[in-house]
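Below is one structure, written out as structure tokens; the observations come after it.
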Amino acid sequence: MPDEIPTSSRPRGRNWLSYAGAALAACAFFAFLFLFAIDLFAHNGNPYMGILAYVIAPVFLFLGLGLMVFGVWRQRRRARRAGLPVPSKIFARPENGREQALFIIIIAVFALCTAIGSYQSYHVSESVSFCGEACHTPMKPEFTAYKNSPHARVACVECHVGHGAENFVRAKMNGVHQLVGVMMNNYPHPIPTPIRNLRPARETCEECHWPNKFSGNLDRTFQHFLADETNTPFAVRLSLKVGGADSAHGPAGGIHWHVNASNKIEYISADDRRQTIPWVRVTDAKGVVTEYRAPKFNATPTPAAIRTMDCIDCHNRPAHRYASPNDAVDLAISTGAIDRALPWVKSNAVVVLTQTYDTEPHALENISTMLRSKYSSSPQADVLVQAVQNIYSKNFFPEMKADWRAYPENIGHKNWPGCFRCHDGSHAAVNDPKKKIPASDCASCHIFLAQGAGAELEKLNPRGDTFTHIDAPYTDFDCARCHTGAAAKE
């Protein structure tokens with residue numbers, strides 16, 4: 001009977017621990033190559049693929065290599081303790097054919113499972129739910145707002161990840177950075193905007209929206225309610241002069257003149273949120289350059305600070321809008337979610353929404369307590385509480401300090417400066433101080449067709465009325481000076 005090789009004296013690496021490590025390392029390396037290939041040739045990249053391909057796969061690769069080394073060390077240690085010779089060969093193929101076949105089968109099955117798992121992981125990481133829910137706390141505000149936005153059917157990666165080597169590397173690094181931040185609970189509250197490396201609108205918005213389209217005037221009605229006992233309705237019906245950006249499809253003018261391909265508008269901002277714009281440079285279709293400066297601004301803009309205006313500079317919250325308390329309550333009353341017959345309901349609802357709360361459960365509990373105390377005798381109390389709590393859950397996130405105050409919205413000019421960041425009448429041309437960026441007034445972008453309530457809204461004036469601010473003509477066009485979105489009287 002041939003002598004059997006004692007277990008302890010087998011060549012180093014001839015143990016199942018090292019075999020398992022080798023299998024794990026091989027499959028992890030295979031997964032890395034597989035994920036890298038998918039991500040490299042995919043139509044859209046994915047920042048979370050950086051986590052799978054460059055963090056998780058290497059972790060398992062080094063774990064496998066570590067198991068191999070540990071198996072060798074353990075085998076050698078056992079041989080020395082048993083007083084057996086330590087073999088010179090570090091690794092050797094299994095001498096038993098059945099052992100070889102079993103090892104190969106395990107490797108093949110493991111590799112197949114790895115390929116399937118990697119492919120499925122890619123699709124999961126590309127999904128909207130993964131982007132919004134994997135990092136639940138930091139992304140909850142953005143994900144909730146996204147689900148209630150006009151772009152709720154557009155996948156996150158369509159706007160937030162780009163093509164090309166530069167975007168590919170940036171996305172991978174950003175994915176790893178996000179992972180580390182979440183694991184260490186080291187991320188800002190709230191998430192700051194605007195995103196500095198956000199892809200330009202021509203690569204995102206303009207994939208679906210055609211900037212050259214002539215829109216002309218668009219009819220809009222804005223329904224508001226006063227902060228009085230009867231919650232008096234006051235609506236404004238107006239025609240927005242959207243116009244167009246390309247003279248080949250209609251007159252180039254109106255609000256969309258700003259994205260006319262024949263013009264180039266550049267600016268710098270004095271704050272991180274781009275709410276203060278002291279310098280603007282306009283290059284028209286003939287190549288004439290006009291530089292405008294706000295009073296007392298004498299600095300020389302650096303090329304790195306200059307931004308070229310595009311859609312996102314006005315439509316800066318296309319998929320992540322947080323409604324102000326005033327606007328949200330107005331909408332709830334106008335749709336019947338809140339009964340306008342409840343006395344002072346507009347004022348009371350706005351007040352409870354604007355209180356300071358530490359957590360969402362704390363907020364919902366206090367909203368219920370405060371409203372029930374005021375409307376305890378009303379059969380509509382339960383419906384009112386549910387409606388106001390629903391507003392809060394969709395627009396307020398105290399754990400992340402995220403609400404409408406944290407995220408200025410530049411479309412319009414009611415609660416934030418918006419258009420008046422440039423069109424305030426103070427930006428004068430450097431070479432001709434008398435020439436200024438036109439100051440916005442109501443007639444610049446709107447035609448007020450009707451105002452008021454009931455029969456007053458049926459008295460349409462195609463030529464336009466003078467805007468009436470509740471009960472008096474309005475002459476101060478800096479709306480955001482008084483309107484903050486938080487006062488019921490707005």
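Each chain in the structure tokens gets a letter, A, B and so on, in the order shown; residues start at 1 in every chain, and ligands are counted from 1 in the order they appear.
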Long-range neighbours of segment 368-372 of chain A as a CSV table (one decimal) with N, CA and C atoms, in the first residue's frame, 9 Å cut-off, only C-alpha atoms, 3 positions minimum in chain:
chain,number,residue,atom,x,y,z
A,348,ASN,N,-53.6,79.3,9.8
A,348,ASN,CA,-53.3,78.3,10.8
A,348,ASN,C,-52.4,77.2,10.2
A,349,ALA,N,-52.7,76.8,9.0
A,349,ALA,CA,-52.0,75.8,8.3
A,349,ALA,C,-50.5,76.2,8.0
A,352,VAL,N,-48.4,76.3,11.4
A,352,VAL,CA,-47.9,75.0,11.9
A,352,VAL,C,-46.8,74.4,11.0
A,363,ALA,N,-42.6,66.6,14.1
A,363,ALA,CA,-43.4,67.6,13.3
A,363,ALA,C,-44.8,67.1,13.1
A,364,LEU,N,-45.0,65.9,12.6
A,364,LEU,CA,-46.3,65.4,12.3
A,364,LEU,C,-47.2,65.3,13.6
A,365,GLU,N,-46.5,65.0,14.7
A,365,GLU,CA,-47.3,64.9,16.0
A,365,GLU,C,-47.7,66.3,16.4
A,375,TYR,N,-59.5,73.1,15.8
A,375,TYR,CA,-60.7,72.7,15.1
A,375,TYR,C,-61.3,71.4,15.7
A,376,SER,N,-61.3,71.3,17.0
A,376,SER,CA,-61.7,70.1,17.7
A,376,SER,C,-63.2,69.8,17.5
A,377,SER,N,-64.0,70.9,17.2
A,377,SER,CA,-65.4,70.6,17.0
A,377,SER,C,-65.8,70.4,15.6
A,378,SER,N,-64.8,70.5,14.7
A,378,SER,CA,-65.1,70.4,13.2
A,378,SER,C,-65.0,68.9,12.7
A,381,ALA,N,-61.7,68.0,10.9
A,381,ALA,CA,-60.4,68.1,11.6
A,381,ALA,C,-59.4,67.0,11.1
A,382,ASP,N,-59.9,65.8,11.0
A,382,ASP,CA,-59.1,64.6,10.6
A,382,ASP,C,-58.5,64.8,9.2
A,384,LEU,N,-58.2,67.7,7.6
A,384,LEU,CA,-57.3,68.8,7.6
A,384,LEU,C,-55.9,68.4,8.1
A,385,VAL,N,-55.9,67.6,9.2
A,385,VAL,CA,-54.6,67.2,9.8
A,385,VAL,C,-53.8,66.3,8.7
A,386,GLN,N,-54.6,65.4,8.1
A,386,GLN,CA,-53.9,64.5,7.1
A,386,GLN,C,-53.4,65.3,5.9
A,388,VAL,N,-52.4,68.6,5.9
A,388,VAL,CA,-51.2,69.4,6.2
A,388,VAL,C,-50.0,68.5,6.5
A,389,GLN,N,-50.2,67.3,7.1
A,389,GLN,CA,-49.1,66.4,7.4
A,389,GLN,C,-48.6,65.9,6.0
**OP:** Excluding Ala428 of chain A and residues on its chain fewer than 6 positions from it, collect all residues at most 10 Å away from it, counting only C-alpha atoms, and give them as a list in words.
**Re:** Trp279, Val280, Thr290, Glu291, Tyr292, Arg293, Ala294, Pro295, Lys434, Lys435, Lys436, Ile437 and Pro438 of chain A
Original post:
Any idea what's packed within 8 Å of Val259 of chain A, counting only C-alpha atoms, ignoring anything in its chain fewer than 6 positions away? Could you give it as a ChimeraX atom specification?
Top reply: /A:211,245,309-311
Original post:
For Ala443 of chain A, which of A:Gly83, A:Pro318, A:Gly254, A:Gly287 is the closest residue, counting only C-alpha atoms?
Top reply: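 For Ala443 of chain A, the nearest of the candidates is A:Gly254.
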**OP:** Return the single residue from A:Ala261, A:Ile104, A:Ala23, A:Phe34 that is closest to Arg202 of chain A, with distances computed using only C-alpha atoms.
**Re:**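 Of A:Ala261, A:Ile104, A:Ala23, A:Phe34, the one nearest Arg202 of chain A is A:Ala261, counting only C-alpha atoms.
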**OP:** Would you list the contacts of segment 328-332 of chain A as number ranges by chain, taking every protein, DNA or RNA residue within 8 Å and counting only C-alpha atoms, but skipping same-chain residues closer than 6 positions in sequence?
**Re:** A: 223-225, 338, 346, 349-350, 387-388, 391
I need the residues from that last selection saved to file as a compact mmCIF listing (two decimals), in the first residue's frame (with C-alpha atoms), if you can.
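The resulting file, again-v1.txt, is reproduced below:
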# COMPACT_ATOMS: atom_id res chain seq x y z
CA GLN A 223 -54.85 80.71 -7.32
CA HIS A 224 -54.17 82.26 -3.92
CA PHE A 225 -56.13 82.66 -0.69
CA ILE A 338 -58.25 71.51 2.67
CA LYS A 346 -54.96 79.28 5.48
CA ALA A 349 -51.95 75.77 8.30
CA VAL A 350 -49.04 77.98 7.26
CA ALA A 387 -53.68 67.15 4.35
CA VAL A 388 -51.23 69.38 6.25
CA ILE A 391 -47.71 68.74 2.71
Report as an mmCIF file with C-alpha atoms, in the first residue's frame all protein, DNA and RNA residues lying within 6 Å of His320 of chain A, evaluated on only C-alpha atoms, omitting residues in the same chain fewer than 5 positions from it.
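Produced file part_20.cif, reproduced below:
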data_model
loop_
_atom_site.group_PDB
_atom_site.id
_atom_site.type_symbol
_atom_site.label_atom_id
_atom_site.label_comp_id
_atom_site.auth_asym_id
_atom_site.auth_seq_id
_atom_site.Cartn_x
_atom_site.Cartn_y
_atom_site.Cartn_z
ATOM 1 C CA GLU A 142 -34.313 64.746 -3.194
ATOM 2 C CA ALA A 145 -39.306 65.754 -4.341
ATOM 3 C CA TYR A 146 -38.334 63.838 -7.485
#
**OP:** Report as a ChimeraX atom specification: the residues of segment 264-472 of chain A with a DSSP assignment of helix (DSSP H, G or I), based on the backbone of this structure.
**Re:** /A:303-305,311-313,325-334,345-353,360-374,381-395,398-400,418-421,442-445,454-458
Identify, on the basis of only C-alpha atoms, every residue whose closest approach to Lys241 of chain A does not exceed 12 Å; exclude the query and any residue fewer than 5 positions from it along the same chain; express the result as a short mmCIF file (atom, residue, chain, number, x, y, z; two decimals) with C-alpha atoms, in the first residue's frame.
data_model
loop_
_atom_site.label_atom_id
_atom_site.label_comp_id
_atom_site.auth_asym_id
_atom_site.auth_seq_id
_atom_site.Cartn_x
_atom_site.Cartn_y
_atom_site.Cartn_z
CA PHE A 214 -41.38 78.88 -30.53
CA SER A 215 -43.76 78.77 -27.57
CA GLY A 216 -45.34 82.21 -27.89
CA ASN A 217 -47.55 83.27 -24.97
CA LEU A 218 -48.73 80.70 -22.43
CA ASP A 219 -51.91 81.19 -20.38
CA ARG A 220 -51.54 80.53 -16.63
CA PRO A 251 -39.91 85.76 -33.46
CA ALA A 252 -36.80 85.44 -31.29
CA GLY A 253 -37.75 87.15 -28.08
CA GLY A 254 -39.59 86.81 -24.82
CA ILE A 255 -38.27 84.89 -21.85
CA HIS A 256 -36.59 82.24 -24.01
CA TRP A 257 -34.47 84.88 -25.70
CA CYS A 442 -44.91 93.29 -14.91
CA ALA A 443 -45.46 94.09 -18.58
CA SER A 444 -42.02 92.84 -19.59
CA CYS A 445 -42.93 89.18 -19.28
CA HIS A 446 -46.67 89.12 -18.45
CA ILE A 447 -50.01 90.26 -19.74
CA PHE A 448 -52.51 90.35 -16.85
#
**OP:** Considering only C-alpha atoms, state which residue in the set A:Pro188, A:Ile268, A:Cys479, A:Asp228 is at the smallest distance from Gly412 of chain A.
**Re:**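 Ranked by minimum distance to Gly412 of chain A, first place goes to A:Cys479.
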